[in-house]
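Visitor: Here it is, the structure, as structure tokens.
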Amino acid sequence: MRATVFGLVMLVCLLAGLGPAFAGTAELVNALGQGDFKSREQAITALVVSGDATAVPVLDALEAGNLFLRKTDQHVFIGKADGDTLSLIDPATNQPAGTGQKFEFEKIKINNALRGIISNAKGGLTLFSADAATRRSAAATILKSGDAASLDALEKAIAAEKDAPTLALMIEAHAAALLNSQRPDAEKLSAIDALKKEGSRDSSALLVQLGSNAQEPIKSAALAAASSIENGLAAWSFAQNIWYGLSLGSVLLLAAIGLAITFGVMGIINMAHGELVMVGAYTAYVVQQTIAARFPGVQNEALLISIPGAFIVTGLLGMAIERCIIRFLYGRPLETLLATSGLSLILQQAIRSIFGPTNKEVSAPSWMSGAINITAGLSFTVNRITIMIFSVAIFAALMLLMKRSSLGLQMRSVTQNRPMARAMGIRAAWIDTLTFGLGSGIAGLAGVALTQIDNVSPNLGQNYIIDSFLVVVFGGVGNLWGTLAGALTLGIANKFLEPFAGAVLGKIIILVGVILFIQKKPRGLFALKGRWVET
Amino acid sequence: MTTRRGFLRSAAAFGATAAAMGLPQYAFADGETIKVGILHSLSGTMAISETTLKDVMLMLIEQQNAKGGLLGKKLEGVVVDPASNWPLFAEKARELISKDKCVATFGCWTSVSRKSVLPVYEELNSLLFYPVQYEGEESSKNVFYTGAAPNQQAIPAVDYLAAQGVKRWVLAGTDYVYPRTTNKILEAYLTDVLKVAKADIMINYTPFGHSDWQTIVSDVKKFGSAGKKTAVVSTINGDANVPFYKELGSQGVKATDIPVVAFSVGEEELAGIDKKPLVGHLAAWNYFMSVDNPTNAAFIKSWQTFIKNDKRVTNDPMEAHFIGFNMWVAAVTKAGTTDSDAVQDAIIGVTVPNLTGGYAAMLPNHHITKPVLIGEIQESGQFDIVWQTPGLVAGDEWSDYLPGSKDLISDWRKPLHCGNFNVKTAKCGGA
């Protein structure tokens, strides 16, 4: 079925011309609005076969859900919705055709099978497009589907192609298409080699499919190539797991670093830490909503703009918490634990009352979507890379602050020897407030990053509070490097356990492991030493 | 005496709250009301799904009161928040029945919450209307299951995918009773009926709220590239769905490559996600907001007016409450009393209109007849219906594919009056 479609499409494309608009195009387009999904499939085929250049925008509109059938005269239009009215475009002429009310029209629906057919059809029609990116995606579609009928068109396209990456993709697509064709075996064997070199998961799938249907010698060559691709990919999967572990570790680091300041440096058990992360996430949401309403131009940068905003908001909130609640409970860890637990409930319900209990959507900026493929077996999703860079940057900035700045010096001195610091003229109470504010501000930054990978809901904090304490205690209370090491270790361990034990059992094993570790080394991985620690 | 004072105080408080909420004042002669319990989580991980069910129940009660109430008395909704805490569900259920004297409750979502409250309803002989799709393997005298049984959702969805040419299956679920049991049923169905090899089935469980899906989605991609068409059957519940779909989008798993059919993702759950990478992924329900008929249009309009927000969506469990509530009202009217035993007898056979243009009937096994619809996610967050059963499917809680339950039937009419009657041994309670 598909082969026939492509054969005829390519035949038409070989004429390398936009044929005159056939008289029957309007009928073919109108046929799209009739019948069920099966008849729609035939209507799409007929439209594609007609070779009319206007087929491409019609197929685009059909795929996007913008093709409508007018109920009164059963004519099909491309429509753009604006409230209750539709501005119509005549598909045959691509000219505006007036407007209509939505209730007069019925949207022409497609399902997944049709979606696949449309995308393959567009792949064939767009192989000779003027735009290199369109040609590349056409070649990629053919590489994935391996349609034999596009062979001739591909050969013509390869001969005419000037752009190097597009050419490489077309050659690979050519190899895939060749395997499903009737060409001689020698050509097929070299195509198998080409695909083996390409080495992606899709090629392996194609080769396995070929191997199960073909005769010797193609069958064994294809299966051998497929298994060698799989071995290559498996070798990369170890590196991929390390990457997953590092990215999980960077998320844990982000969440735990604020706690490393408040718990590690100040010794305050802050059970409301997760809620401060959550407040940071909601700040990002509010900033995005404000920008969408007032300054739609900078919408893509909304996430970046919310970073300082979240830091300030949660920092101020943290300072208020320290002044109003924590300062009265210094030296009484149990009461601090209780008070901050209550505070976490108050914060959760406050957010729930203001924003509602349902999740809020913080959309990703356009540069943060998709993935980077290093090789066939190793790919990094852009949002995780960004979060990792972000967490390393925050960690570096914090280390710089603590080690090199005067504020950091004052913070460390107040922690190490409070009376001496006060005797030196440092306002210890104010430094306490600032330190707590800093830890809370960093929690807010973590919240901004988490909007990209987790839900923004009032319960966001609950998912991270336990893990944050685990990381800080495991890494060593009071030591930022310990937090880094702890976060990355736990992340990698979790990701290596997950494929074998499953997510639930993996978490349990990690927890038991940390408990056993703490028995041996109660102060964690990087324990702080010295007399003042004992006080 | 304290109890009576306490009761009067709470009644007065409810009356005052009702007046403050602006409910219309009814010209009912006496101050007695019929109390209806509403047991849905308004906070916690399930709040995303359950809050809207509390709101729709209040709307239905208000609409019924505008029609003159029930048996000449005003209906009053008693709302409690069990906060996604399963043991608290049982406590709140007991409070609703014993303290607030509710004659029926509409509530629960997760199967674990329903299992928690089941002993309470059986002990105190009160009625629970459960509106959510579930795993079956249960039939209680005191519960009416207006949500889908596996043969009204899971099995037809698998049949649809098999008809689309799917040969490899990933069963991904949250780790609790509903996904575990449903996957047991599906695994049996796939191996015994569809003759799928065990190596072509991958099963995976994650905790509630799981947010790091990198490895799992990558494993799904690997599983799906063995040359055979692969699909994911997702029983993931709650807001773990959001990072799951986000990761699918990030790793480029498109619906045309590996479609995901979800049983617990509806219009409400999609509200917080970017739908663009999800276009084409599927859900199986018995109702979609996009169903085009006058009853549904009127329901949506009255819902959006009631909630004062024309962006709010409707979904399948809301329709289940709509059906269940109307069935209860019809049964009480027929029986002339709100007494549990009388209503249990009167409700069997009651038929009320559903929102998909047909009717739902209460069967002797306390399940209802429902059509099955498969919808594809659109960028707007609505579902495009791509397939539906030609007629209604009768709910069957005892799965025909599990050895322990294929011989069981449930029939609560007298004289059988049994939830798990074994037809082979002719004994009741033979599960």
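Residue numbering restarts at 1 in every chain; chains get A, B, ... in the order shown in the structure tokens, and ligands count up from 1 in that same order.
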Could you give me, as CSV, every chain A residue with an atom at most 7 Å from chain B, plus its closest atom pair and distance in Å to one decimal, counting only C-alpha atoms, rows ordered by chain then number?
Guide:
residue,atom,partner,partner_atom,distance
A:Asn111,CA,B:Val386,CA,6.1
A:Asn112,CA,B:Thr256,CA,5.7
A:Arg115,CA,B:Thr256,CA,6.9
A:Gly116,CA,B:Thr256,CA,5.8
A:Arg201,CA,B:Ser225,CA,6.3
A:Asp202,CA,B:Ser225,CA,6.5
A:Ala205,CA,B:Gly227,CA,4.3
A:Leu206,CA,B:Gly227,CA,6.2
A:Val208,CA,B:Gly227,CA,5.7
A:Gln209,CA,B:Gly227,CA,5.1
A:Tyr244,CA,B:Gln214,CA,6.7
A:Pro357,CA,B:Ala47,CA,6.1
A:Thr358,CA,B:Ile48,CA,4.6
A:Asn359,CA,B:Gly272,CA,5.3
A:Lys360,CA,B:Gly272,CA,5.2
A:Glu361,CA,B:Gly272,CA,4.6
A:Ser363,CA,B:Asp274,CA,6.7
A:Ser369,CA,B:Ser250,CA,6.2
A:Gly370,CA,B:Ser250,CA,5.0
A:Ala371,CA,B:Ser250,CA,6.5
A:Thr381,CA,B:Ser250,CA,6.2
A:Ile453,CA,B:Pro243,CA,5.9
A:Asp454,CA,B:Pro243,CA,5.5
A:Asn455,CA,B:Val242,CA,6.4
A:Asn459,CA,B:Gly44,CA,6.5
A:Gly502,CA,B:Tyr205,CA,6.9
A:Ala503,CA,B:Thr206,CA,5.4
A:Val504,CA,B:Thr206,CA,5.9
Visitor: Fewer than 6 positions away in the same chain doesn't count, so skip those; otherwise give me all residues within 6 Å of stretch 149-156 of chain B, counting only C-alpha atoms, as a ChimeraX atom specification.
Guide: /B:134-136,284,395,397
Visitor: Tell me, as a PyMOL selection string, which residues lie within 12 Å of B:Lys311, counting only C-alpha atoms; anything in the same chain fewer than 5 positions away does not count.
Guide: chain B and resi 267-268+271+300-301+303-305+380-382
Visitor: List the neighbours of B:Lys73 out to 7 Å using only C-alpha atoms; skip same-chain residues closer than 3 positions along the sequence, and give me the result as an MDAnalysis selection string.
Guide: chainID B and resid 28 32:34 69:70
Visitor: Deliver the residues from the most recent selection as a file, using C-alpha atoms, as an mmCIF file, in the first residue's frame.
Guide:
data_model
loop_
_atom_site.group_PDB
_atom_site.id
_atom_site.type_symbol
_atom_site.label_atom_id
_atom_site.label_comp_id
_atom_site.auth_asym_id
_atom_site.auth_seq_id
_atom_site.Cartn_x
_atom_site.Cartn_y
_atom_site.Cartn_z
ATOM 1 C CA PHE B 28 -38.949 23.194 52.473
ATOM 2 C CA GLU B 32 -34.733 17.926 58.024
ATOM 3 C CA THR B 33 -32.300 17.248 55.225
ATOM 4 C CA ILE B 34 -31.000 14.137 53.565
ATOM 5 C CA GLY B 69 -35.022 17.770 46.485
ATOM 6 C CA LEU B 70 -35.594 14.119 47.272
#
Visitor: Apply DSSP to the backbone of this structure and, from stretch 315-501 of chain A, keep only the residues in strand (DSSP E or B); write these as number ranges by chain.
Guide: A: 360, 371-375, 378-381, 456
Visitor: From stretch 207-389 of chain B, collect each residue whose DSSP state is helix (DSSP H, G or I) and return the set as a PyMOL selection string.
Guide: chain B and resi 214-223+238-250+269-272+276-278+294-307+316-335+340-347
Visitor: Save the residues we just selected, C-alpha atoms, as a short mmCIF file (atom, residue, chain, number, x, y, z; two decimals), in the first residue's frame?
Guide:
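Result file out04.cif:
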data_model
loop_
_atom_site.label_atom_id
_atom_site.label_comp_id
_atom_site.auth_asym_id
_atom_site.auth_seq_id
_atom_site.Cartn_x
_atom_site.Cartn_y
_atom_site.Cartn_z
CA GLN B 214 15.11 8.74 32.25
CA THR B 215 16.13 5.10 32.56
CA ILE B 216 12.61 3.75 32.18
CA VAL B 217 11.84 5.72 29.01
CA SER B 218 15.24 4.75 27.63
CA ASP B 219 14.46 1.08 28.36
CA VAL B 220 11.09 1.48 26.63
CA LYS B 221 12.88 2.88 23.57
CA LYS B 222 15.28 -0.05 23.59
CA PHE B 223 12.44 -2.54 24.00
CA GLY B 238 -1.53 10.74 39.93
CA ASP B 239 0.98 13.39 39.05
CA ALA B 240 3.78 10.97 38.19
CA ASN B 241 2.19 11.10 34.75
CA VAL B 242 3.44 14.64 34.21
CA PRO B 243 7.20 13.95 34.33
CA PHE B 244 6.58 10.66 32.49
CA TYR B 245 5.03 12.40 29.50
CA LYS B 246 7.61 15.20 29.68
CA GLU B 247 10.42 12.62 29.48
CA LEU B 248 8.71 10.88 26.55
CA GLY B 249 8.67 14.24 24.80
CA SER B 250 12.32 15.03 25.66
CA GLU B 269 -4.57 15.41 34.46
CA LEU B 270 -3.47 16.90 31.15
CA ALA B 271 -4.14 20.41 32.44
CA GLY B 272 -0.62 20.78 33.83
CA LYS B 276 2.50 19.40 21.97
CA PRO B 277 4.84 16.37 22.26
CA LEU B 278 1.93 14.20 23.41
CA PRO B 294 -26.83 17.87 23.41
CA THR B 295 -26.86 16.18 26.86
CA ASN B 296 -23.10 16.54 27.16
CA ALA B 297 -23.15 20.12 25.90
CA ALA B 298 -25.78 21.03 28.49
CA PHE B 299 -23.82 19.29 31.25
CA ILE B 300 -20.59 21.09 30.33
CA LYS B 301 -22.41 24.43 30.21
CA SER B 302 -24.06 23.99 33.60
CA TRP B 303 -20.73 22.77 35.05
CA GLN B 304 -18.78 25.79 33.80
CA THR B 305 -21.52 28.13 35.05
CA PHE B 306 -21.56 26.45 38.46
CA ILE B 307 -17.78 26.55 38.86
CA ASP B 316 -15.03 10.34 32.90
CA PRO B 317 -15.24 10.08 36.73
CA MET B 318 -17.44 13.18 36.71
CA GLU B 319 -19.79 11.42 34.31
CA ALA B 320 -19.71 8.38 36.61
CA HIS B 321 -20.85 10.55 39.51
CA PHE B 322 -23.54 12.05 37.27
CA ILE B 323 -24.82 8.56 36.47
CA GLY B 324 -24.42 7.23 40.01
CA PHE B 325 -26.16 10.18 41.62
CA ASN B 326 -29.12 10.03 39.23
CA MET B 327 -29.39 6.29 39.76
CA TRP B 328 -29.40 6.77 43.53
CA VAL B 329 -32.07 9.47 43.30
CA ALA B 330 -34.19 7.25 41.06
CA ALA B 331 -33.77 4.28 43.39
CA VAL B 332 -34.65 6.29 46.51
CA THR B 333 -37.70 7.71 44.77
CA LYS B 334 -38.72 4.21 43.69
CA ALA B 335 -38.18 2.72 47.15
CA SER B 340 -29.74 1.06 52.53
CA ASP B 341 -31.37 -2.35 52.05
CA ALA B 342 -34.39 -0.89 50.27
CA VAL B 343 -32.22 1.18 47.97
CA GLN B 344 -29.99 -1.80 47.21
CA ASP B 345 -33.02 -3.74 46.01
CA ALA B 346 -34.61 -0.83 44.17
CA ILE B 347 -31.52 0.32 42.30
#
Visitor: Pick out the residues sitting within 10 Å of A:Ser366, and hand them over as a list in words; count only C-alpha atoms, and ignore anything fewer than 4 positions along from it in its own chain.
Guide: Gln299, Asn300, Glu301 and Gly370 of chain A
Visitor: Considering only C-alpha atoms, state which residue in the set B:Val79, B:Ala231, B:Ile201, B:Val177 is at the smallest distance from B:Glu138.
Guide: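 Once distances to B:Glu138 are computed over only C-alpha atoms, the minimum belongs to B:Val177.
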Visitor: Between atom CA of A:Ala364 and atom CA of A:Thr283, what distance in Å does the model show, to one decimal?
Guide: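 These two atoms are separated by 14.9 Å.
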Visitor: Between atom CA of A:Ala176 and atom CA of B:Val170, what distance in Å does the model show, to one decimal?
Guide: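 Computing the Euclidean distance for atom CA of A:Ala176 and atom CA of B:Val170 yields 27.0 Å.
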Visitor: Mind pulling up the distance from atom CA of B:Val132 to atom CA of A:Gln349?
Guide: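 Between atom CA of A:Gln349 and atom CA of B:Val132 the gap is 26.3 Å.
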Visitor: Do you know which residues are at most 8 Å from A:Leu490 counting only C-alpha atoms, after dropping those on the same chain fewer than 5 positions away, and could you put them as a PyMOL selection string?
Guide: chain A and resi 249+471+510
Visitor: Could you write out that same residue set with C-alpha atoms as an mmCIF file, in the first residue's frame?
Guide:
data_model
loop_
_atom_site.group_PDB
_atom_site.id
_atom_site.type_symbol
_atom_site.label_atom_id
_atom_site.label_comp_id
_atom_site.auth_asym_id
_atom_site.auth_seq_id
_atom_site.Cartn_x
_atom_site.Cartn_y
_atom_site.Cartn_z
ATOM 1 C CA GLY A 249 22.723 13.571 41.297
ATOM 2 C CA VAL A 471 22.330 13.565 50.853
ATOM 3 C CA ILE A 510 19.828 2.883 48.672
#
Visitor: Quick one: residues within 9 Å of A:Thr375, only C-alpha atoms counted, chain neighbours fewer than 6 positions away excluded, as a list in words?
Guide: Gly199, Ser200 and Trp236 of chain A
